[in-house]
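Shown next, in structure tokens, is the structure this report addresses.
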Amino acid sequence: MTDAPTLLIIWHSRTGAARAMAEAACEAAAGECAVRVLAADDAQPGDLLEADGYLFVCPENLASMTGAMKEFFDRCYYPVLGRIEGRPYAVMVAAGSDGAAAVRQIERIATGWRLKQIAESVIVCTHAQTADAIAAPKHLDAPTLEPVRELGTMFGAGLAMGIF
Ligand SMILES: Cc1cc2nc3c(=O)[nH]c(=O)nc-3n(C[C@H](O)[C@H](O)[C@H](O)COP(=O)(O)O)c2cc1C
């Protein structure tokens, strides 16, 4: 761990919603603590070891977290197992209409790592149901992003104060 508490945000997004959530959470948390944002494709076990808390952000696809996010967990799970126990985490999922399955999967992996969940997982529904709506770039307005910002601020402040 570094001296200044660092929140690591790891994200994957196909059409922009989860990316907007990761960016909004980053902006909010950055007012409180150091923040690092990494695409799931780029995140390595060493990045997890260096951080003090984790925010996992991705869409739900086919009742699952996205493949890129799963690949990140597959790549990093065993290299850090037993080395990040007790560190705080939270989850945010972008979904068309559900999101619960992706949340459950990520929470289960985090339980395996013995991380400490510091907030209820946030699901942002984009209401994309048709093929065209699913494929379209997603733009989230400020009210939609409000719970994301709230969690980012709370997570950053808690890390900075050492309360987790
Ligand atoms: C292949 C595929 C499968 C999807 N399956 C689900 C699903 O099971 N549940 C759900 O709520 N949304 C589902 N969606 C909708 C996405 O979760 C939604 O569009 C979300 O906003 C995408 O986030 P992104 O813009 O960060 O990629 C699916 C989208 C795609 C492309």
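Simple scheme: letters A, B, ... for chains in structure tokens order, numbers from 1 for residues in each chain, numbers from 1 for ligands in the order shown.
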
What does the list of residues within 6 Å of ligand 1 look like if you count only C-alpha atoms and all ligand atoms, written as JSON, numbers by chain? {"A": [13, 14, 15, 16, 17, 18, 19, 59, 60, 61, 62, 63, 94, 95, 96, 97, 98, 99, 126, 128, 134, 138]}

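Residues within 12 Å of Glu71 of chain A, counting only C-alpha atoms and excluding same-chain residues fewer than 4 positions away, are A:Trp11, A:His12, A:Ala39, A:Ala40, A:Asp41, A:Asp42, A:Ala43, A:Gln44, A:Met65, A:Thr66, A:Gly67, A:Arg75, A:Cys76, A:Tyr77.
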
Would you save the residues of that selection, restricted to C-alpha atoms, as a PDB file, in the first residue's frame?
```pdb
ATOM      1  CA  TRP A  11     -13.872  -0.441 -15.498  1.00  0.00           C
ATOM      2  CA  HIS A  12     -15.075  -1.968 -18.699  1.00  0.00           C
ATOM      3  CA  ALA A  39      -9.474  -0.175 -17.996  1.00  0.00           C
ATOM      4  CA  ALA A  40     -10.058  -3.819 -17.087  1.00  0.00           C
ATOM      5  CA  ASP A  41      -7.859  -4.858 -20.023  1.00  0.00           C
ATOM      6  CA  ASP A  42      -4.900  -2.988 -18.529  1.00  0.00           C
ATOM      7  CA  ALA A  43      -5.268  -3.815 -14.829  1.00  0.00           C
ATOM      8  CA  GLN A  44      -2.683  -6.193 -13.395  1.00  0.00           C
ATOM      9  CA  MET A  65     -20.467  -9.231 -15.937  1.00  0.00           C
ATOM     10  CA  THR A  66     -18.825  -8.493 -19.300  1.00  0.00           C
ATOM     11  CA  GLY A  67     -16.135 -10.834 -20.591  1.00  0.00           C
ATOM     12  CA  ARG A  75      -6.056 -12.867 -14.498  1.00  0.00           C
ATOM     13  CA  CYS A  76      -5.710 -11.302 -11.061  1.00  0.00           C
ATOM     14  CA  TYR A  77      -7.621 -13.573  -8.666  1.00  0.00           C
TER      15      TYR A  77
END
```

As a count of residues only, please: the residues near Arg104 of chain A (cut-off 10 Å, only C-alpha atoms, same-chain neighbours under 4 positions excluded). 9

Per DSSP on the backbone, filter chain A down to the residues in strand (DSSP E) and report them as a PyMOL selection string. chain A and resi 6-11+34-39+53-59+88-95+116-117+122-125

Determine which residues of chain A receive a DSSP assignment of helix (DSSP H, G or I), computed from the backbone, and state them as a ChimeraX atom specification. /A:17-30,45-50,67-80,100-112,131-135,142-161

Would you mind listing what lies within 12 Å of segment 154-158 of chain A as a PyMOL selection string, with only C-alpha atoms counted and same-chain residues fewer than 6 positions away left out? chain A and resi 4-9+25-36+52-55+87-91+117-120+147-148+164

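Closest approach to Cys125 of chain A among A:Ala101, A:Thr144, A:Ala20, A:Ile106: A:Thr144, based on only C-alpha atoms.
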
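We find atom CA of Val80 of chain A and atom CA of Met21 of chain A to be spaced 25.7 Å apart.
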
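Between atom CA of Leu38 of chain A and atom CA of Gly152 of chain A there is a distance of 15.4 Å.
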
Just how far from atom CA of Pro45 of chain A is atom CA of Phe73 of chain A, in Å to one decimal? 9.4 Å

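You can rank A:Leu115, A:Ala68, A:Ile123, A:Ala51 by their closest distance to Glu146 of chain A using only C-alpha atoms, and at the top of that list sits A:Ile123.
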